[in-house]
file target_28.cif (mmCIF, C-alpha atoms)
data_coords
loop_
_atom_site.label_atom_id
_atom_site.label_comp_id
_atom_site.auth_asym_id
_atom_site.auth_seq_id
_atom_site.Cartn_x
_atom_site.Cartn_y
_atom_site.Cartn_z
CA MET A 1 147.04 104.12 86.23
CA ALA A 2 148.13 101.48 88.72
CA LEU A 3 147.46 97.86 87.92
CA PHE A 4 146.44 97.14 91.52
CA GLN A 5 144.68 99.39 93.98
CA GLU A 6 144.85 99.30 97.74
CA THR A 7 141.48 98.23 99.13
CA ALA A 8 140.21 98.35 102.66
CA ASP A 9 140.15 95.17 104.69
CA VAL A 10 136.49 95.09 105.68
CA SER A 11 134.87 92.34 107.69
CA VAL A 12 132.42 91.40 110.44
CA ARG A 13 133.36 89.40 113.51
CA PRO A 14 131.92 88.62 116.94
CA ALA A 15 132.63 91.42 119.39
CA VAL A 16 135.36 90.76 121.95
CA PRO A 17 136.14 92.37 125.30
CA GLY A 18 137.58 95.79 124.57
CA ASP A 19 135.10 96.54 121.74
CA GLU A 20 132.54 98.04 124.15
CA GLU A 21 134.02 101.57 124.04
CA ALA A 22 133.88 101.67 120.23
CA VAL A 23 130.34 100.25 120.25
CA THR A 24 129.19 102.92 122.72
CA ARG A 25 130.90 105.71 120.76
CA ILE A 26 129.31 104.54 117.49
CA GLN A 27 125.87 104.22 119.09
CA VAL A 28 125.98 107.74 120.52
CA GLU A 29 127.40 109.27 117.31
CA ALA A 30 124.78 107.50 115.19
CA TRP A 31 121.93 108.56 117.46
CA ARG A 32 123.13 112.18 117.52
CA THR A 33 123.44 112.25 113.75
CA THR A 34 120.27 110.34 112.85
CA HIS A 35 117.81 110.85 115.69
CA ALA A 36 118.52 114.30 117.13
CA ASP A 37 115.21 115.68 115.83
CA VAL A 38 113.16 112.83 117.29
CA LEU A 39 115.03 112.20 120.53
CA GLY A 40 115.98 115.80 121.27
CA GLY A 41 117.95 116.25 124.48
CA ALA A 42 117.64 112.57 125.38
CA VAL A 43 120.79 111.79 123.36
CA ASP A 44 122.81 114.43 125.18
CA ALA A 45 121.64 113.06 128.53
CA LEU A 46 122.93 109.53 127.86
CA ASP A 47 125.14 108.01 130.55
CA THR A 48 127.95 106.73 128.34
CA THR A 49 129.75 105.09 131.26
CA ALA A 50 126.69 102.98 132.04
CA MET A 51 126.21 102.24 128.32
CA THR A 52 129.82 101.05 128.04
CA ASP A 53 129.33 98.80 131.08
CA ARG A 54 126.16 97.31 129.57
CA TRP A 55 127.91 96.66 126.24
CA ALA A 56 130.83 95.04 128.10
CA ASP A 57 128.35 92.71 129.81
CA ALA A 58 126.54 91.93 126.54
CA ILE A 59 129.85 91.08 124.87
CA SER A 60 131.41 89.11 127.73
CA ARG A 61 128.33 87.58 129.33
CA PRO A 62 125.39 87.35 126.90
CA PRO A 63 122.11 86.87 128.79
CA GLY A 64 121.40 83.53 127.10
CA PRO A 65 121.52 81.45 123.94
CA GLY A 66 120.88 83.38 120.74
CA PHE A 67 122.33 86.66 122.03
CA ALA A 68 125.42 88.12 120.35
CA VAL A 69 127.15 91.37 119.48
CA LEU A 70 128.83 91.58 116.08
CA VAL A 71 131.17 94.33 114.91
CA ALA A 72 132.03 95.64 111.46
CA LEU A 73 135.67 96.44 110.83
CA ASP A 74 137.41 98.73 108.39
CA GLY A 75 140.94 97.43 108.75
CA PRO A 76 141.48 97.14 112.50
CA THR A 77 138.92 99.84 113.35
CA VAL A 78 135.42 99.04 114.61
CA VAL A 79 133.02 101.11 112.48
CA GLY A 80 129.67 99.46 113.23
CA PHE A 81 127.87 96.89 115.31
CA ALA A 82 124.78 94.73 115.48
CA ALA A 83 123.20 93.27 118.60
CA VAL A 84 121.27 90.06 118.01
CA ALA A 85 118.71 88.36 120.25
CA PRO A 86 116.57 85.32 119.47
CA GLY A 87 114.66 86.20 116.28
CA GLN A 88 115.60 89.85 116.44
CA VAL A 89 118.21 92.42 115.47
CA MET A 90 118.06 94.61 118.54
CA SER A 91 120.40 97.29 117.25
CA LEU A 92 122.40 97.95 114.11
CA GLU A 93 124.47 101.11 113.82
CA VAL A 94 127.32 102.27 111.62
CA ALA A 95 129.51 105.25 112.46
CA PRO A 96 128.29 108.23 110.44
CA HIS A 97 131.67 108.67 108.68
CA ALA A 98 131.62 104.99 107.58
CA ARG A 99 128.09 104.84 106.18
CA ARG A 100 127.45 103.90 102.56
CA GLY A 101 130.50 101.63 102.60
CA GLY A 102 128.66 98.31 102.85
CA HIS A 103 129.21 97.86 106.59
CA GLY A 104 125.49 97.88 107.41
CA SER A 105 124.77 95.28 104.73
CA ARG A 106 127.59 93.05 105.99
CA LEU A 107 126.34 93.40 109.58
CA LEU A 108 122.75 92.60 108.63
CA ALA A 109 123.85 89.58 106.57
CA ALA A 110 125.97 88.28 109.47
CA ALA A 111 123.10 88.86 111.92
CA VAL A 112 120.67 86.95 109.67
CA ASP A 113 123.21 84.13 109.28
CA ARG A 114 123.46 83.97 113.07
CA LEU A 115 119.67 83.85 113.42
CA ARG A 116 119.41 81.07 110.82
CA THR A 117 122.14 79.09 112.60
CA ASP A 118 120.11 79.44 115.80
CA GLY A 119 117.07 77.96 114.02
CA GLU A 120 115.10 81.17 113.47
CA SER A 121 112.88 81.53 110.40
CA GLU A 122 112.10 85.25 110.73
CA VAL A 123 114.07 88.40 111.49
CA VAL A 124 112.46 91.32 113.30
CA THR A 125 113.83 94.78 114.02
CA TRP A 126 112.39 98.13 115.11
CA VAL A 127 112.70 101.48 113.33
CA LEU A 128 112.35 104.80 115.08
CA ASP A 129 109.73 107.06 113.50
CA GLY A 130 111.37 109.45 111.06
CA ASP A 131 114.44 107.29 110.31
CA ASP A 132 113.92 107.32 106.56
CA GLY A 133 117.49 106.18 105.84
CA ARG A 134 117.05 103.02 107.93
CA GLU A 135 113.70 102.34 106.27
CA ARG A 136 115.31 102.59 102.82
CA PHE A 137 118.18 100.32 103.95
CA LEU A 138 115.88 97.67 105.42
CA SER A 139 113.51 97.81 102.45
CA SER A 140 116.39 97.30 100.02
CA SER A 141 117.47 94.34 102.18
CA GLY A 142 114.08 92.63 101.90
CA LEU A 143 112.44 93.66 105.18
CA GLY A 144 109.17 95.52 105.44
CA PRO A 145 106.89 97.05 108.05
CA ASP A 146 104.44 94.54 109.50
CA GLY A 147 101.99 97.05 110.98
CA THR A 148 103.10 96.73 114.62
CA GLU A 149 104.22 99.82 116.46
CA ARG A 150 105.13 100.76 120.01
CA ALA A 151 105.62 103.95 121.97
CA LEU A 152 108.77 104.43 124.02
CA ALA A 153 109.30 106.98 126.78
CA THR A 154 112.76 108.55 126.45
CA GLY A 155 112.52 110.71 129.54
CA VAL A 156 112.27 113.76 127.30
CA ARG A 157 109.39 112.77 125.02
CA ASP A 158 107.60 109.68 123.82
CA VAL A 159 108.74 108.27 120.48
CA VAL A 160 107.22 105.68 118.16
CA GLU A 161 108.98 102.66 116.71
CA ARG A 162 107.62 100.50 113.92
CA ARG A 163 108.44 96.81 113.58
CA TRP A 164 109.97 95.54 110.35
CA SER A 165 110.34 91.86 109.55
CA ALA A 166 111.16 89.27 106.91
CA THR A 167 111.16 85.53 106.53
CA ILE A 168 114.68 84.18 106.49
#

call {"tool": "encode", "arguments": {"input": "target_28.cif", "output": "structure tokens"}}
result
Amino acid sequence: MALFQETADVSVRPAVPGDEEAVTRIQVEAWRTTHADVLGGAVDALDTTAMTDRWADAISRPPGPGFAVLVALDGPTVVGFAAVAPGQVMSLEVAPHARRGGHGSRLLAAAVDRLRTDGESEVVTWVLDGDDGRERFLSSSGLGPDGTERALATGVRDVVERRWSATI
């Protein structure tokens, strides 16, 4: 048995120009893996070029104070991301092959730290109906449903999201 083991260099950092392609790829992979039943053909109809352009804008030119994109790294490879807006985690996804490695927890912790730094006292995020894995993750992180829900039109079918929140 070796005295020392090689361990992965895992971290979270602010996204930089050039990360937008990885962020788009991770978002589409995660949605296909996690939400195919709920979203149906809407995931296959995504315009990935437009998504990449929007992520490039979000990374390079955030729409205002309190907006940020963070990425999780496994070595030099982007394996997850979180998009933060004032008081809210807009999106948090980890590549399916990298799940259960702590990347989601590191991203959520970094997003909450960012919100606290910006003077927020609550974090809010939305969970797509049927995403039991995300509900378990958020619950284990101290968030809970607050009873608010909204319907979203995907172009294929309407879906329901439930709001989860916690005091930070």

call {"tool": "residues_around", "arguments": {"input": "target_28.cif", "residues": "Gly119 in chain A", "least_positions_apart": "4", "cutoff": "9 Å", "atoms": "only C-alpha atoms", "output": "short mmCIF file (atom, residue, chain, number, x, y, z; two decimals) with C-alpha atoms, in the frame of the given file"}}
result
data_model
loop_
_atom_site.label_atom_id
_atom_site.label_comp_id
_atom_site.auth_asym_id
_atom_site.auth_seq_id
_atom_site.Cartn_x
_atom_site.Cartn_y
_atom_site.Cartn_z
CA GLY A 87 114.66 86.20 116.28
CA ARG A 114 123.46 83.97 113.07
CA LEU A 115 119.67 83.85 113.42
#

call {"tool": "atom_distance", "arguments": {"input": "target_28.cif", "atom1": "CA of Gly80 in chain A", "atom2": "CA of Pro14 in chain A"}}
result
11.7 Å

call {"tool": "atom_distance", "arguments": {"input": "target_28.cif", "atom1": "CA of Trp31 in chain A", "atom2": "CA of Asp9 in chain A"}}
result
26.0 Å

call {"tool": "atom_distance", "arguments": {"input": "target_28.cif", "atom1": "CA of Gly104 in chain A", "atom2": "CA of Phe67 in chain A"}}
result
18.7 Å

call {"tool": "resolve_selection", "arguments": {"input": "target_28.cif", "expression": "the PyMOL selection byres ((chain A and resi 53) around 12)", "output": "list in words"}}
result
Pro17, Gly18, Asp19, Glu20, Glu21, Val23, Thr24, Asp47, Thr48, Thr49, Ala50, Met51, Thr52, Arg54, Trp55, Ala56, Asp57, Ala58, Ile59, Ser60 and Arg61 of chain A

call {"tool": "residues_around", "arguments": {"input": "target_28.cif", "residues": "Ala98 in chain A", "least_positions_apart": "4", "cutoff": "12 Å", "atoms": "only C-alpha atoms", "output": "JSON, numbers by chain"}}
result
{"A": [8, 10, 26, 29, 30, 72, 73, 74, 77, 78, 79, 80, 81, 93, 94, 102, 103, 104]}

call {"tool": "residues_near_point", "arguments": {"input": "target_28.cif", "point": "(118.8, 84.9, 110.6)", "cutoff": "12 Å", "atoms": "all atoms listed in the file", "output": "PyMOL selection string"}}
result
chain A and resi 66+84-89+107-125+165-168

call {"tool": "write_last_selection", "arguments": {"input": "target_28.cif", "atoms": "C-alpha atoms", "output": "short mmCIF file (atom, residue, chain, number, x, y, z; two decimals), keeping the file's coordinate frame"}}
result
data_model
loop_
_atom_site.label_atom_id
_atom_site.label_comp_id
_atom_site.auth_asym_id
_atom_site.auth_seq_id
_atom_site.Cartn_x
_atom_site.Cartn_y
_atom_site.Cartn_z
CA GLY A 66 120.88 83.38 120.74
CA VAL A 84 121.27 90.06 118.01
CA ALA A 85 118.71 88.36 120.25
CA PRO A 86 116.57 85.32 119.47
CA GLY A 87 114.66 86.20 116.28
CA GLN A 88 115.60 89.85 116.44
CA VAL A 89 118.21 92.42 115.47
CA LEU A 107 126.34 93.40 109.58
CA LEU A 108 122.75 92.60 108.63
CA ALA A 109 123.85 89.58 106.57
CA ALA A 110 125.97 88.28 109.47
CA ALA A 111 123.10 88.86 111.92
CA VAL A 112 120.67 86.95 109.67
CA ASP A 113 123.21 84.13 109.28
CA ARG A 114 123.46 83.97 113.07
CA LEU A 115 119.67 83.85 113.42
CA ARG A 116 119.41 81.07 110.82
CA THR A 117 122.14 79.09 112.60
CA ASP A 118 120.11 79.44 115.80
CA GLY A 119 117.07 77.96 114.02
CA GLU A 120 115.10 81.17 113.47
CA SER A 121 112.88 81.53 110.40
CA GLU A 122 112.10 85.25 110.73
CA VAL A 123 114.07 88.40 111.49
CA VAL A 124 112.46 91.32 113.30
CA THR A 125 113.83 94.78 114.02
CA SER A 165 110.34 91.86 109.55
CA ALA A 166 111.16 89.27 106.91
CA THR A 167 111.16 85.53 106.53
CA ILE A 168 114.68 84.18 106.49
#

call {"tool": "closest_residue", "arguments": {"input": "target_28.cif", "among": "A:Ala15, A:Ala153, A:Val127, A:Val69", "to": "Thr34 in chain A", "atoms": "all atoms listed in the file"}}
result
A:Val127

call {"tool": "closest_residue", "arguments": {"input": "target_28.cif", "among": "A:Gln27, A:Thr148, A:Ser105, A:Gly64", "to": "Ser91 in chain A", "atoms": "all atoms listed in the file"}}
result
A:Gln27

call {"tool": "axis_aligned_box", "arguments": {"input": "target_28.cif", "around": "range 82-90 of chain A", "padding_each_side": "4 Å", "output": "JSON"}}
result
{"center_x": 119.7, "center_y": 90.0, "center_z": 117.9, "size_x": 18.1, "size_y": 17.4, "size_z": 12.8}

call {"tool": "closest_residue", "arguments": {"input": "target_28.cif", "among": "A:Met90, A:Pro96, A:His35, A:Leu70", "to": "Leu128 in chain A", "atoms": "all atoms listed in the file"}}
result
A:His35

call {"tool": "resolve_selection", "arguments": {"input": "target_28.cif", "expression": "the PyMOL selection byres ((chain A and resi 137) around 12)", "output": "PyMOL selection string"}}
result
chain A and resi 92-93+99-100+102-105+108+127+131-136+138-144+164

call {"tool": "resolve_selection", "arguments": {"input": "target_28.cif", "expression": "the PyMOL selection byres ((chain A and resi 151) around 10)", "output": "CSV table (one decimal) with C-alpha atoms, keeping the file's coordinate frame"}}
result
chain,number,residue,atom,x,y,z
A,128,LEU,CA,112.4,104.8,115.1
A,129,ASP,CA,109.7,107.1,113.5
A,149,GLU,CA,104.2,99.8,116.5
A,150,ARG,CA,105.1,100.8,120.0
A,152,LEU,CA,108.8,104.4,124.0
A,153,ALA,CA,109.3,107.0,126.8
A,154,THR,CA,112.8,108.6,126.4
A,158,ASP,CA,107.6,109.7,123.8
A,159,VAL,CA,108.7,108.3,120.5
A,160,VAL,CA,107.2,105.7,118.2
A,161,GLU,CA,109.0,102.7,116.7
A,162,ARG,CA,107.6,100.5,113.9
